[in-house]
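To be precise, the following lines are final.tsv, and they hold TSV, C-alpha atoms.
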```tsv
chain	number	residue	atom	x	y	z
A	1	MET	CA	217.53	-88.31	43.69
A	2	ALA	CA	214.66	-90.75	43.85
A	3	SER	CA	215.42	-94.44	43.97
A	4	ASN	CA	214.42	-95.27	40.43
A	5	VAL	CA	217.20	-97.69	39.64
A	6	ALA	CA	216.74	-100.62	37.34
A	7	HIS	CA	219.22	-102.71	35.35
A	8	GLY	CA	221.92	-100.80	37.14
A	9	GLN	CA	220.88	-97.67	35.27
A	10	GLN	CA	219.92	-94.54	37.14
A	11	VAL	CA	216.75	-92.88	35.97
A	12	ILE	CA	217.08	-89.21	35.18
A	13	GLY	CA	214.15	-86.90	35.69
A	14	HIS	CA	214.06	-85.92	39.31
A	15	ALA	CA	216.55	-83.11	39.11
A	16	GLU	CA	213.88	-80.66	40.23
A	17	GLU	CA	214.17	-81.96	43.78
A	18	GLU	CA	217.48	-80.18	44.16
A	19	HIS	CA	216.52	-77.13	42.11
A	20	THR	CA	213.16	-75.91	43.35
A	21	THR	CA	211.84	-75.57	46.87
A	22	PRO	CA	208.16	-75.16	47.88
A	23	GLN	CA	208.92	-71.51	48.71
A	24	GLU	CA	210.09	-70.97	45.14
A	25	TYR	CA	206.93	-72.65	43.82
A	26	VAL	CA	204.85	-70.20	45.86
A	27	ARG	CA	206.90	-67.27	44.50
A	28	VAL	CA	206.31	-68.48	40.92
A	29	ALA	CA	202.57	-68.82	41.65
A	30	ILE	CA	202.45	-65.24	43.02
A	31	VAL	CA	204.14	-63.98	39.84
A	32	LEU	CA	201.60	-65.93	37.75
A	33	ALA	CA	198.70	-64.45	39.72
A	34	ILE	CA	200.12	-60.92	39.27
A	35	ILE	CA	200.51	-61.45	35.50
A	36	THR	CA	196.88	-62.65	35.30
A	37	ALA	CA	195.76	-59.55	37.19
A	38	ILE	CA	197.74	-57.34	34.79
A	39	GLU	CA	196.12	-59.10	31.80
A	40	VAL	CA	192.63	-58.40	33.12
A	41	PHE	CA	193.56	-54.82	34.12
A	42	ILE	CA	194.89	-53.85	30.68
A	43	TYR	CA	191.83	-55.49	29.09
A	44	TYR	CA	189.71	-52.79	30.75
A	45	LEU	CA	192.20	-49.97	30.10
A	46	PRO	CA	191.03	-47.95	27.05
A	47	SER	CA	194.44	-46.34	26.56
A	48	ALA	CA	196.05	-49.79	26.25
A	49	ARG	CA	193.84	-50.84	23.30
A	50	PRO	CA	196.43	-50.22	20.55
A	51	LEU	CA	198.97	-52.46	22.28
A	52	LEU	CA	196.52	-54.84	23.93
A	53	VAL	CA	196.95	-57.87	21.67
A	54	PRO	CA	200.78	-57.93	21.64
A	55	ALA	CA	200.83	-57.27	25.40
A	56	LEU	CA	198.36	-60.12	26.06
A	57	ILE	CA	200.39	-62.50	23.89
A	58	ILE	CA	203.65	-61.62	25.66
A	59	LEU	CA	202.06	-61.97	29.12
A	60	SER	CA	200.42	-65.30	28.31
A	61	LEU	CA	203.70	-66.61	26.86
A	62	ALA	CA	205.45	-65.60	30.10
A	63	LYS	CA	202.84	-67.54	32.12
A	64	PHE	CA	203.14	-70.50	29.76
A	65	ALA	CA	206.96	-70.55	30.11
A	66	ALA	CA	206.81	-70.25	33.91
A	67	VAL	CA	204.39	-73.18	34.31
A	68	VAL	CA	206.28	-75.39	31.84
A	69	GLY	CA	209.72	-74.43	33.16
A	70	TYR	CA	209.10	-74.51	36.93
A	71	PHE	CA	205.91	-76.49	37.64
A	72	MET	CA	206.50	-79.09	34.90
A	73	HIS	CA	210.25	-78.94	35.71
A	74	LEU	CA	211.18	-78.83	32.05
A	75	LYS	CA	213.86	-76.25	32.81
A	76	PHE	CA	215.75	-78.78	34.94
A	77	ASP	CA	214.63	-82.01	33.31
A	78	ASN	CA	216.11	-84.28	30.68
A	79	ARG	CA	216.85	-82.64	27.33
A	80	LEU	CA	214.90	-85.40	25.58
A	81	PHE	CA	211.66	-84.12	27.17
A	82	GLN	CA	212.58	-80.54	26.29
A	83	PHE	CA	213.19	-81.54	22.67
A	84	MET	CA	209.94	-83.52	22.45
A	85	PHE	CA	207.78	-80.75	23.89
A	86	ILE	CA	209.41	-77.96	21.90
A	87	ALA	CA	209.15	-80.03	18.70
A	88	GLY	CA	205.43	-80.52	19.36
A	89	LEU	CA	205.02	-76.82	20.02
A	90	VAL	CA	206.81	-75.87	16.80
A	91	VAL	CA	204.67	-78.26	14.73
A	92	SER	CA	201.53	-77.02	16.49
A	93	LEU	CA	202.45	-73.36	15.97
A	94	SER	CA	203.27	-74.01	12.30
A	95	VAL	CA	199.88	-75.63	11.72
A	96	PHE	CA	198.24	-72.74	13.61
A	97	LEU	CA	199.93	-70.06	11.50
A	98	ALA	CA	199.39	-71.98	8.25
A	99	PHE	CA	195.66	-72.34	9.01
A	100	LEU	CA	195.29	-68.66	9.80
A	101	ALA	CA	197.28	-67.55	6.74
A	102	MET	CA	195.29	-69.88	4.47
A	103	PHE	CA	191.98	-68.72	5.92
A	104	TRP	CA	192.77	-65.02	5.76
A	105	TYR	CA	194.13	-65.37	2.21
A	106	SER	CA	191.06	-67.28	1.02
A	107	THR	CA	188.62	-64.85	2.64
A	108	SER	CA	190.46	-61.63	1.78
A	109	TYR	CA	189.07	-61.54	-1.79
A	110	MET	CA	185.87	-63.48	-1.27
A	111	PRO	CA	182.66	-61.80	-0.22
A	112	LEU	CA	180.88	-63.10	2.85
A	113	THR	CA	178.91	-66.26	2.20
B	1	MET	CA	214.25	-113.85	32.25
B	2	ALA	CA	214.59	-113.71	35.98
B	3	THR	CA	211.60	-112.52	37.91
B	4	ALA	CA	212.39	-110.99	41.26
B	5	ILE	CA	209.68	-110.37	43.81
B	6	THR	CA	210.51	-107.90	46.52
B	7	VAL	CA	208.43	-106.48	49.30
B	8	GLU	CA	209.05	-102.84	50.10
B	9	THR	CA	207.94	-100.90	53.11
B	10	ALA	CA	208.37	-97.18	52.96
B	11	HIS	CA	207.77	-94.83	55.89
B	12	GLY	CA	204.88	-96.89	57.19
B	13	GLU	CA	202.99	-96.43	53.94
B	14	GLY	CA	202.05	-100.07	53.67
B	15	GLN	CA	203.52	-102.81	51.58
B	16	GLY	CA	203.71	-103.27	47.88
B	17	ILE	CA	204.72	-106.41	46.02
B	18	HIS	CA	206.79	-105.54	43.00
B	19	GLU	CA	207.55	-107.87	40.16
B	20	GLY	CA	209.90	-107.57	37.25
B	21	HIS	CA	213.54	-106.66	37.05
B	22	GLY	CA	213.97	-105.69	40.61
B	23	HIS	CA	211.83	-102.57	40.48
B	24	ALA	CA	208.30	-101.44	41.04
B	25	GLY	CA	206.48	-103.47	38.41
B	26	HIS	CA	206.70	-100.84	35.70
B	27	PRO	CA	208.75	-100.93	32.51
B	28	PRO	CA	212.51	-100.53	32.84
B	29	PRO	CA	213.91	-97.20	31.69
B	30	SER	CA	215.43	-96.68	28.30
B	31	ALA	CA	217.77	-93.86	27.30
B	32	GLY	CA	218.11	-92.96	30.96
B	33	VAL	CA	214.55	-91.76	31.35
B	34	ASP	CA	211.52	-93.30	33.02
B	35	SER	CA	209.38	-95.00	30.38
B	36	ARG	CA	206.09	-93.80	31.87
B	37	LYS	CA	207.29	-90.22	32.01
B	38	LEU	CA	208.51	-90.48	28.41
B	39	LEU	CA	205.09	-91.79	27.40
B	40	MET	CA	203.34	-88.93	29.19
B	41	TRP	CA	205.53	-86.36	27.43
B	42	LEU	CA	204.76	-88.04	24.10
B	43	PHE	CA	201.04	-87.84	24.90
B	44	LEU	CA	201.37	-84.18	25.90
B	45	THR	CA	203.21	-83.47	22.64
B	46	SER	CA	200.36	-85.01	20.64
B	47	ASP	CA	197.80	-83.18	22.80
B	48	THR	CA	199.64	-79.92	22.11
B	49	MET	CA	198.99	-80.45	18.40
B	50	PHE	CA	195.37	-81.42	19.13
B	51	PHE	CA	194.67	-78.22	21.06
B	52	GLY	CA	196.79	-76.20	18.61
B	53	THR	CA	194.45	-77.27	15.83
B	54	LEU	CA	191.34	-76.53	17.90
B	55	ILE	CA	192.63	-73.08	18.84
B	56	ALA	CA	193.55	-72.37	15.19
B	57	THR	CA	190.03	-73.38	14.15
B	58	TYR	CA	188.56	-71.08	16.80
B	59	MET	CA	190.76	-68.20	15.65
B	60	MET	CA	189.54	-68.68	12.10
B	61	TYR	CA	185.88	-68.52	13.10
B	62	ARG	CA	185.95	-66.25	16.17
B	63	ASP	CA	184.87	-63.12	14.24
B	64	ARG	CA	182.77	-64.92	11.64
B	65	SER	CA	179.45	-64.71	13.47
B	66	ILE	CA	179.98	-60.94	13.84
B	67	GLN	CA	180.74	-60.57	10.12
B	68	LEU	CA	177.70	-62.68	9.21
B	69	LEU	CA	175.55	-60.85	11.79
B	70	THR	CA	174.43	-64.08	13.46
B	71	PRO	CA	174.06	-63.37	17.19
B	72	PRO	CA	174.75	-63.97	20.02
B	73	TYR	CA	178.11	-62.25	19.79
B	74	PRO	CA	181.09	-62.92	22.09
B	75	ASN	CA	181.06	-59.36	23.47
B	76	ASP	CA	177.45	-59.81	24.58
B	77	ILE	CA	177.84	-63.05	26.49
B	78	PHE	CA	181.39	-63.24	27.87
B	79	ASP	CA	181.75	-62.37	31.54
B	80	ILE	CA	185.46	-61.53	31.85
B	81	PRO	CA	185.58	-61.06	35.68
B	82	TYR	CA	183.92	-64.47	36.16
B	83	THR	CA	186.28	-66.23	33.73
B	84	SER	CA	189.26	-64.43	35.30
B	85	VAL	CA	188.39	-66.02	38.65
B	86	SER	CA	188.17	-69.43	36.94
B	87	ALA	CA	191.58	-68.86	35.33
B	88	PHE	CA	193.02	-67.87	38.72
B	89	VAL	CA	191.54	-71.00	40.35
B	90	LEU	CA	193.13	-73.27	37.73
B	91	LEU	CA	196.45	-71.43	38.01
B	92	MET	CA	196.49	-71.93	41.78
B	93	SER	CA	195.65	-75.62	41.32
B	94	SER	CA	198.98	-75.94	39.51
B	95	LEU	CA	200.67	-74.63	42.66
B	96	THR	CA	198.87	-77.13	44.91
B	97	MET	CA	199.74	-79.92	42.45
B	98	VAL	CA	203.44	-79.15	42.49
B	99	LEU	CA	203.32	-78.89	46.31
B	100	ALA	CA	201.76	-82.38	46.38
B	101	LEU	CA	204.71	-83.68	44.35
B	102	ALA	CA	207.21	-81.89	46.59
B	103	SER	CA	205.49	-83.45	49.63
B	104	ILE	CA	205.71	-87.05	48.42
B	105	GLN	CA	209.32	-86.55	47.31
B	106	ARG	CA	210.11	-85.53	50.88
B	107	GLY	CA	208.09	-88.39	52.38
B	108	ASN	CA	205.44	-86.02	53.76
B	109	TYR	CA	202.30	-88.11	53.17
B	110	ARG	CA	199.95	-85.83	55.09
B	111	GLY	CA	201.07	-82.94	52.92
B	112	LEU	CA	200.63	-85.07	49.81
B	113	ARG	CA	197.00	-85.85	50.70
B	114	ILE	CA	196.16	-82.27	51.62
B	115	TRP	CA	197.60	-80.85	48.40
B	116	LEU	CA	196.11	-83.60	46.23
B	117	ALA	CA	192.69	-82.95	47.77
B	118	ALA	CA	193.15	-79.18	47.30
B	119	THR	CA	194.10	-79.67	43.64
B	120	ALA	CA	191.10	-81.92	42.99
B	121	LEU	CA	188.84	-79.41	44.77
B	122	LEU	CA	190.14	-76.46	42.73
B	123	GLY	CA	189.78	-78.53	39.55
B	124	GLY	CA	186.21	-79.40	40.56
B	125	ILE	CA	185.46	-75.70	41.15
B	126	PHE	CA	186.81	-74.90	37.68
B	127	VAL	CA	184.70	-77.60	36.01
B	128	GLY	CA	181.62	-76.51	37.99
B	129	GLY	CA	182.26	-72.94	36.89
B	130	GLN	CA	182.50	-74.03	33.29
B	131	VAL	CA	179.23	-75.98	33.51
B	132	PHE	CA	177.56	-72.86	34.97
B	133	GLU	CA	179.07	-70.71	32.21
B	134	PHE	CA	177.88	-73.08	29.47
B	135	THR	CA	174.38	-73.18	30.99
B	136	THR	CA	174.24	-69.38	31.15
B	137	PHE	CA	175.42	-69.05	27.55
B	138	ALA	CA	172.83	-71.60	26.38
B	139	HIS	CA	170.09	-69.60	28.13
B	140	GLU	CA	171.33	-66.50	26.31
B	141	GLY	CA	170.96	-68.32	22.99
B	142	LEU	CA	174.49	-69.56	22.30
B	143	THR	CA	174.36	-73.27	21.49
B	144	LEU	CA	176.60	-75.63	19.57
B	145	SER	CA	174.57	-74.97	16.42
B	146	SER	CA	173.54	-71.30	16.81
B	147	ASN	CA	176.54	-69.92	14.84
B	148	VAL	CA	180.15	-70.75	13.96
B	149	PHE	CA	181.39	-68.89	17.03
B	150	GLY	CA	179.23	-71.16	19.24
B	151	SER	CA	180.39	-74.33	17.48
B	152	SER	CA	184.11	-73.54	17.70
B	153	PHE	CA	183.81	-72.12	21.24
B	154	TYR	CA	182.01	-75.12	22.73
B	155	VAL	CA	184.23	-77.67	20.95
B	156	LEU	CA	187.45	-75.99	22.16
B	157	THR	CA	186.44	-75.21	25.75
B	158	GLY	CA	184.41	-78.43	26.02
B	159	PHE	CA	187.44	-80.58	25.16
B	160	HIS	CA	189.48	-78.61	27.68
B	161	GLY	CA	186.79	-79.14	30.32
B	162	ALA	CA	186.81	-82.87	29.55
B	163	HIS	CA	190.58	-82.91	30.10
B	164	VAL	CA	190.16	-81.14	33.47
B	165	THR	CA	187.43	-83.62	34.48
B	166	ILE	CA	189.70	-86.58	33.66
B	167	GLY	CA	192.45	-84.87	35.67
B	168	VAL	CA	190.17	-84.45	38.70
B	169	LEU	CA	189.20	-88.16	38.56
B	170	TRP	CA	192.89	-89.08	38.31
B	171	LEU	CA	193.76	-86.93	41.34
B	172	VAL	CA	190.90	-88.41	43.39
B	173	ALA	CA	192.11	-91.90	42.47
B	174	LEU	CA	195.64	-91.01	43.62
B	175	LEU	CA	194.22	-89.60	46.85
B	176	VAL	CA	192.28	-92.79	47.53
B	177	VAL	CA	195.36	-94.93	46.79
B	178	SER	CA	197.41	-92.74	49.14
B	179	LEU	CA	194.81	-92.97	51.91
B	180	ARG	CA	194.95	-96.76	51.58
B	181	GLY	CA	198.74	-96.63	51.98
B	182	GLY	CA	199.58	-97.54	48.41
B	183	LEU	CA	201.55	-94.44	47.49
B	184	PRO	CA	204.96	-94.53	49.18
B	185	LYS	CA	207.80	-92.12	48.44
B	186	GLU	CA	209.24	-94.61	45.93
B	187	LYS	CA	206.13	-94.13	43.79
B	188	ALA	CA	206.52	-90.37	43.53
B	189	MET	CA	206.70	-90.82	39.76
B	190	SER	CA	202.96	-91.64	39.74
B	191	VAL	CA	202.23	-88.21	41.24
B	192	GLU	CA	204.78	-86.53	38.94
B	193	ILE	CA	203.10	-87.97	35.83
B	194	ALA	CA	199.64	-86.90	37.02
B	195	GLY	CA	201.18	-83.49	37.73
B	196	LEU	CA	202.53	-83.19	34.18
B	197	TYR	CA	199.04	-83.82	32.84
B	198	TRP	CA	197.52	-81.32	35.25
B	199	HIS	CA	200.00	-78.55	34.43
B	200	PHE	CA	199.45	-79.17	30.73
B	201	VAL	CA	195.71	-78.61	31.22
B	202	ASP	CA	196.63	-75.36	32.98
B	203	ILE	CA	198.87	-74.07	30.17
B	204	VAL	CA	196.17	-74.85	27.61
B	205	TRP	CA	193.78	-72.68	29.64
B	206	ILE	CA	196.39	-69.88	29.76
B	207	ILE	CA	196.26	-69.79	25.95
B	208	ILE	CA	192.45	-70.19	25.77
B	209	PHE	CA	191.88	-67.42	28.33
B	210	THR	CA	193.97	-65.02	26.27
B	211	PHE	CA	192.86	-65.87	22.74
B	212	VAL	CA	189.20	-66.71	23.39
B	213	TYR	CA	188.26	-64.26	26.17
B	214	LEU	CA	190.72	-61.35	26.31
B	215	VAL	CA	191.73	-60.63	22.71
B	216	PRO	CA	189.05	-58.08	21.71
B	217	TYR	CA	186.31	-58.85	19.21
B	218	PRO	CA	185.22	-56.42	16.48
B	219	ASN	CA	182.16	-54.25	16.85
B	220	PRO	CA	179.17	-55.90	15.03
B	221	VAL	CA	177.77	-52.53	13.82
B	222	LYS	CA	181.10	-51.47	12.29
B	223	GLU	CA	181.56	-54.91	10.73
B	224	ALA	CA	178.09	-54.75	9.20
B	225	THR	CA	178.81	-51.32	7.69
B	226	GLU	CA	182.02	-52.59	6.13
B	227	ALA	CA	180.63	-55.93	5.01
B	228	ALA	CA	177.35	-54.74	3.49
B	229	PRO	CA	178.77	-53.36	0.20
B	230	ALA	CA	180.81	-56.54	-0.37
B	231	ALA	CA	177.76	-58.71	0.33
B	232	PHE	CA	175.66	-56.60	-2.08
B	233	LEU	CA	178.27	-56.92	-4.85
B	234	HIS	CA	178.41	-60.67	-4.23
B	235	LEU	CA	174.63	-60.93	-4.65
B	236	VAL	CA	174.82	-58.92	-7.90
B	237	SER	CA	177.59	-61.20	-9.14
B	238	LEU	CA	175.55	-64.30	-8.28
B	239	GLY	CA	172.54	-62.86	-10.15
B	240	GLN	CA	174.67	-62.18	-13.21
B	241	GLN	CA	176.04	-65.73	-13.13
B	242	MET	CA	172.50	-67.17	-12.88
B	243	LEU	CA	171.34	-65.05	-15.81
B	244	ALA	CA	174.33	-66.14	-17.88
B	245	ALA	CA	173.59	-69.77	-17.11
B	246	LEU	CA	170.03	-69.58	-18.46
B	247	PRO	CA	169.55	-71.47	-21.76
B	248	PHE	CA	167.62	-68.63	-23.50
```

Whole structure given in structure tokens:
Amino acid sequence: MASNVAHGQQVIGHAEEEHTTPQEYVRVAIVLAIITAIEVFIYYLPSARPLLVPALIILSLAKFAAVVGYFMHLKFDNRLFQFMFIAGLVVSLSVFLAFLAMFWYSTSYMPLT
Amino acid sequence: MATAITVETAHGEGQGIHEGHGHAGHPPPSAGVDSRKLLMWLFLTSDTMFFGTLIATYMMYRDRSIQLLTPPYPNDIFDIPYTSVSAFVLLMSSLTMVLALASIQRGNYRGLRIWLAATALLGGIFVGGQVFEFTTFAHEGLTLSSNVFGSSFYVLTGFHGAHVTIGVLWLVALLVVSLRGGLPKEKAMSVEIAGLYWHFVDIVWIIIFTFVYLVPYPNPVKEATEAAPAAFLHLVSLGQQMLAALPF
């Protein structure tokens, strides 16, 4: 644990030191590189077209979770940070979906202008 | 309020004079977390919403230029192999960044400098690649004002590129401070906070790469065939409205 001590209070937030080694970071990076290669491969695969979009979303979410969880240490870090980031993501995703729904609804009956 | 001044020497990394409540001149922690780290997470949360809105805007307009038949179209100008290499470069820069943090936490200052320099270099390669991509697209006719696809594409990827550029400058500044002996093990939090920012920039690109480049775009010819009758009916409707509005 790093020596961040002030007012007699120990600072939380360095738990990753005990959890993840450089070798594990390299393993995570290899997995990320493989997922990226799969994304590009299925993009060029004609037979994968029907399932391309869901597959791309799942793969990118896996990459997102790996970087946030291991490289940003959110998996091992203080729950306050986890709550803050997930709350931001939920708000962001809600705005995203609301925008898309509103746009598609408003353009579904309107001719192109 | 007592002000303590202490001089710390860590692993031959030079001396730093720290003022305040017995620690390194930065705000004391509250709720058991480092204040600077809390602030960075708050910033990243707000930036998540910022990029979420930009990506939503892009998703609304991504097919619009195809429907309106205003080229250039995404399928004509995107170079997926080239962008895949850029995505790979940025992904690997996240690895070098986290290795830089692991190095300083273990007191390995040579490792810290090597990995910081590698991260800044990979970030610089990414930004250079983006500048080249933008230049190529502009030569092919896609500008900020050529169509709605161009506007939303350049605003989204341009803001991301600006974030990467700021990150590279931040990393170079940390490298310079480290080379001057001002980044001892006790200041690992400075590298950790820069790392959080850098990884965030990476995860934003993960989403952009998928939704902007890889999710397929419709075929302009097919879109035109489907859209033409609706556009014709709209014109007829407009004509009828104009006739009805005439005073005679």

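One distance worth recording is that between CA of Met84 (chain A) and CA of Ser93 (chain B), which is 25.0 Å.
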
_Within-12 Å shell of (217.0, -84.8, 24.9) in input frame, only C-alpha atoms, as a PyMOL selection string_ = (chain A and resi 12-13+74+76-87) or (chain B and resi 31-33+38+41)

*Give me the residues within 9 Å of Leu90 (chain B) as a PyMOL selection string, counting all atoms listed in the file and dropping any in the same chain fewer than 3 places off.*
chain B and resi 85-87+93-94+119+122-123+125-126+201-202+205

*What is the distance between CA of Ile35 (chain A) and CA of Tyr217 (chain B), in Å to one decimal?*
21.8 Å

*Find the spatial neighbours of Leu116 (chain B), counting only C-alpha atoms, within a cut-off of 7 Å - ignore same-chain residues fewer than 3 positions away - and output them as an MDAnalysis selection string.*
chainID B and resid 97 100 112:113 119:120 171 175

*Determine the nearest neighbour of Ala29 (chain A) from the options B:Ala173, B:Leu99, B:Ile193, B:Leu183, counting all atoms listed in the file.*
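The shortest atom-to-atom distance to Ala29 (chain A) comes from B:Leu99.
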
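Here CA of Phe43 (chain B) and CA of Tyr197 (chain B) stand 9.1 Å from one another.
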
*asked:* I need the contact residues of chain B against chain A, so if you could list those with any atom within 7 Å, counting all atoms listed in the file, and return them as number ranges by chain, that would help.
replied: B: 21-23, 28-29, 32-34, 41, 45-46, 48-49, 52-53, 56, 60, 88, 92, 95, 98-99, 102, 186, 196, 199, 203, 206-207, 210, 214-215, 230-231, 234

*asked:* Residues near Gly141 (chain B), anyone? I mean within 12 Å using all atoms listed in the file, not counting same-chain ones fewer than 5 positions away, as a list in words.
replied: Thr70, Pro71, Pro72, Tyr73, Pro74, Asp76, Ile77, Phe134, Thr135, Thr136, Ser146, Asn147 and Gly150 of chain B

*asked:* From the options B:Ser190, B:Thr165, B:Ser178, B:Gln240, which residue's atoms come nearest to Asn108 (chain B), counting all atoms listed in the file?
replied: B:Ser178

Quick one: region 34-55 of chain B with N, CA and C atoms, as an mmCIF file, in the coordinates of the input?
```
data_model
loop_
_atom_site.group_PDB
_atom_site.id
_atom_site.type_symbol
_atom_site.label_atom_id
_atom_site.label_comp_id
_atom_site.auth_asym_id
_atom_site.auth_seq_id
_atom_site.Cartn_x
_atom_site.Cartn_y
_atom_site.Cartn_z
ATOM 1 N N ASP B 34 212.595 -92.395 32.621
ATOM 2 C CA ASP B 34 211.520 -93.300 33.020
ATOM 3 C C ASP B 34 210.541 -93.462 31.850
ATOM 4 N N SER B 35 210.212 -94.715 31.557
ATOM 5 C CA SER B 35 209.380 -95.000 30.380
ATOM 6 C C SER B 35 207.997 -94.361 30.480
ATOM 7 N N ARG B 36 207.440 -94.357 31.710
ATOM 8 C CA ARG B 36 206.090 -93.800 31.870
ATOM 9 C C ARG B 36 206.102 -92.279 31.682
ATOM 10 N N LYS B 37 207.171 -91.672 32.161
ATOM 11 C CA LYS B 37 207.290 -90.220 32.010
ATOM 12 C C LYS B 37 207.491 -89.867 30.536
ATOM 13 N N LEU B 38 208.282 -90.689 29.851
ATOM 14 C CA LEU B 38 208.510 -90.480 28.410
ATOM 15 C C LEU B 38 207.182 -90.586 27.659
ATOM 16 N N LEU B 39 206.391 -91.584 28.049
ATOM 17 C CA LEU B 39 205.090 -91.790 27.400
ATOM 18 C C LEU B 39 204.169 -90.597 27.646
ATOM 19 N N MET B 40 204.189 -90.078 28.879
ATOM 20 C CA MET B 40 203.340 -88.930 29.190
ATOM 21 C C MET B 40 203.768 -87.705 28.374
ATOM 22 N N TRP B 41 205.066 -87.491 28.242
ATOM 23 C CA TRP B 41 205.530 -86.360 27.430
ATOM 24 C C TRP B 41 205.140 -86.531 25.977
ATOM 25 N N LEU B 42 205.196 -87.783 25.482
ATOM 26 C CA LEU B 42 204.760 -88.040 24.100
ATOM 27 C C LEU B 42 203.276 -87.713 23.946
ATOM 28 N N PHE B 43 202.477 -88.127 24.932
ATOM 29 C CA PHE B 43 201.040 -87.840 24.900
ATOM 30 C C PHE B 43 200.812 -86.320 24.924
ATOM 31 N N LEU B 44 201.548 -85.631 25.804
ATOM 32 C CA LEU B 44 201.370 -84.180 25.900
ATOM 33 C C LEU B 44 201.773 -83.483 24.590
ATOM 34 N N THR B 45 202.812 -84.022 23.937
ATOM 35 C CA THR B 45 203.210 -83.470 22.640
ATOM 36 C C THR B 45 202.085 -83.610 21.625
ATOM 37 N N SER B 46 201.466 -84.797 21.590
ATOM 38 C CA SER B 46 200.360 -85.010 20.640
ATOM 39 C C SER B 46 199.146 -84.161 21.028
ATOM 40 N N ASP B 47 198.923 -84.002 22.334
ATOM 41 C CA ASP B 47 197.800 -83.180 22.800
ATOM 42 C C ASP B 47 198.035 -81.703 22.497
ATOM 43 N N THR B 48 199.304 -81.299 22.479
ATOM 44 C CA THR B 48 199.640 -79.920 22.110
ATOM 45 C C THR B 48 199.163 -79.651 20.687
ATOM 46 N N MET B 49 199.419 -80.620 19.800
ATOM 47 C CA MET B 49 198.990 -80.450 18.400
ATOM 48 C C MET B 49 197.468 -80.489 18.293
ATOM 49 N N PHE B 50 196.833 -81.337 19.113
ATOM 50 C CA PHE B 50 195.370 -81.420 19.130
ATOM 51 C C PHE B 50 194.760 -80.073 19.510
ATOM 52 N N PHE B 51 195.218 -79.508 20.615
ATOM 53 C CA PHE B 51 194.670 -78.220 21.060
ATOM 54 C C PHE B 51 195.120 -77.080 20.140
ATOM 55 N N GLY B 52 196.336 -77.208 19.565
ATOM 56 C CA GLY B 52 196.790 -76.200 18.610
ATOM 57 C C GLY B 52 195.837 -76.102 17.430
ATOM 58 N N THR B 53 195.386 -77.254 16.954
ATOM 59 C CA THR B 53 194.450 -77.270 15.830
ATOM 60 C C THR B 53 193.091 -76.700 16.236
ATOM 61 N N LEU B 54 192.631 -77.058 17.427
ATOM 62 C CA LEU B 54 191.340 -76.530 17.900
ATOM 63 C C LEU B 54 191.389 -75.018 18.075
ATOM 64 N N ILE B 55 192.505 -74.526 18.631
ATOM 65 C CA ILE B 55 192.630 -73.080 18.840
ATOM 66 C C ILE B 55 192.722 -72.365 17.486
#
```
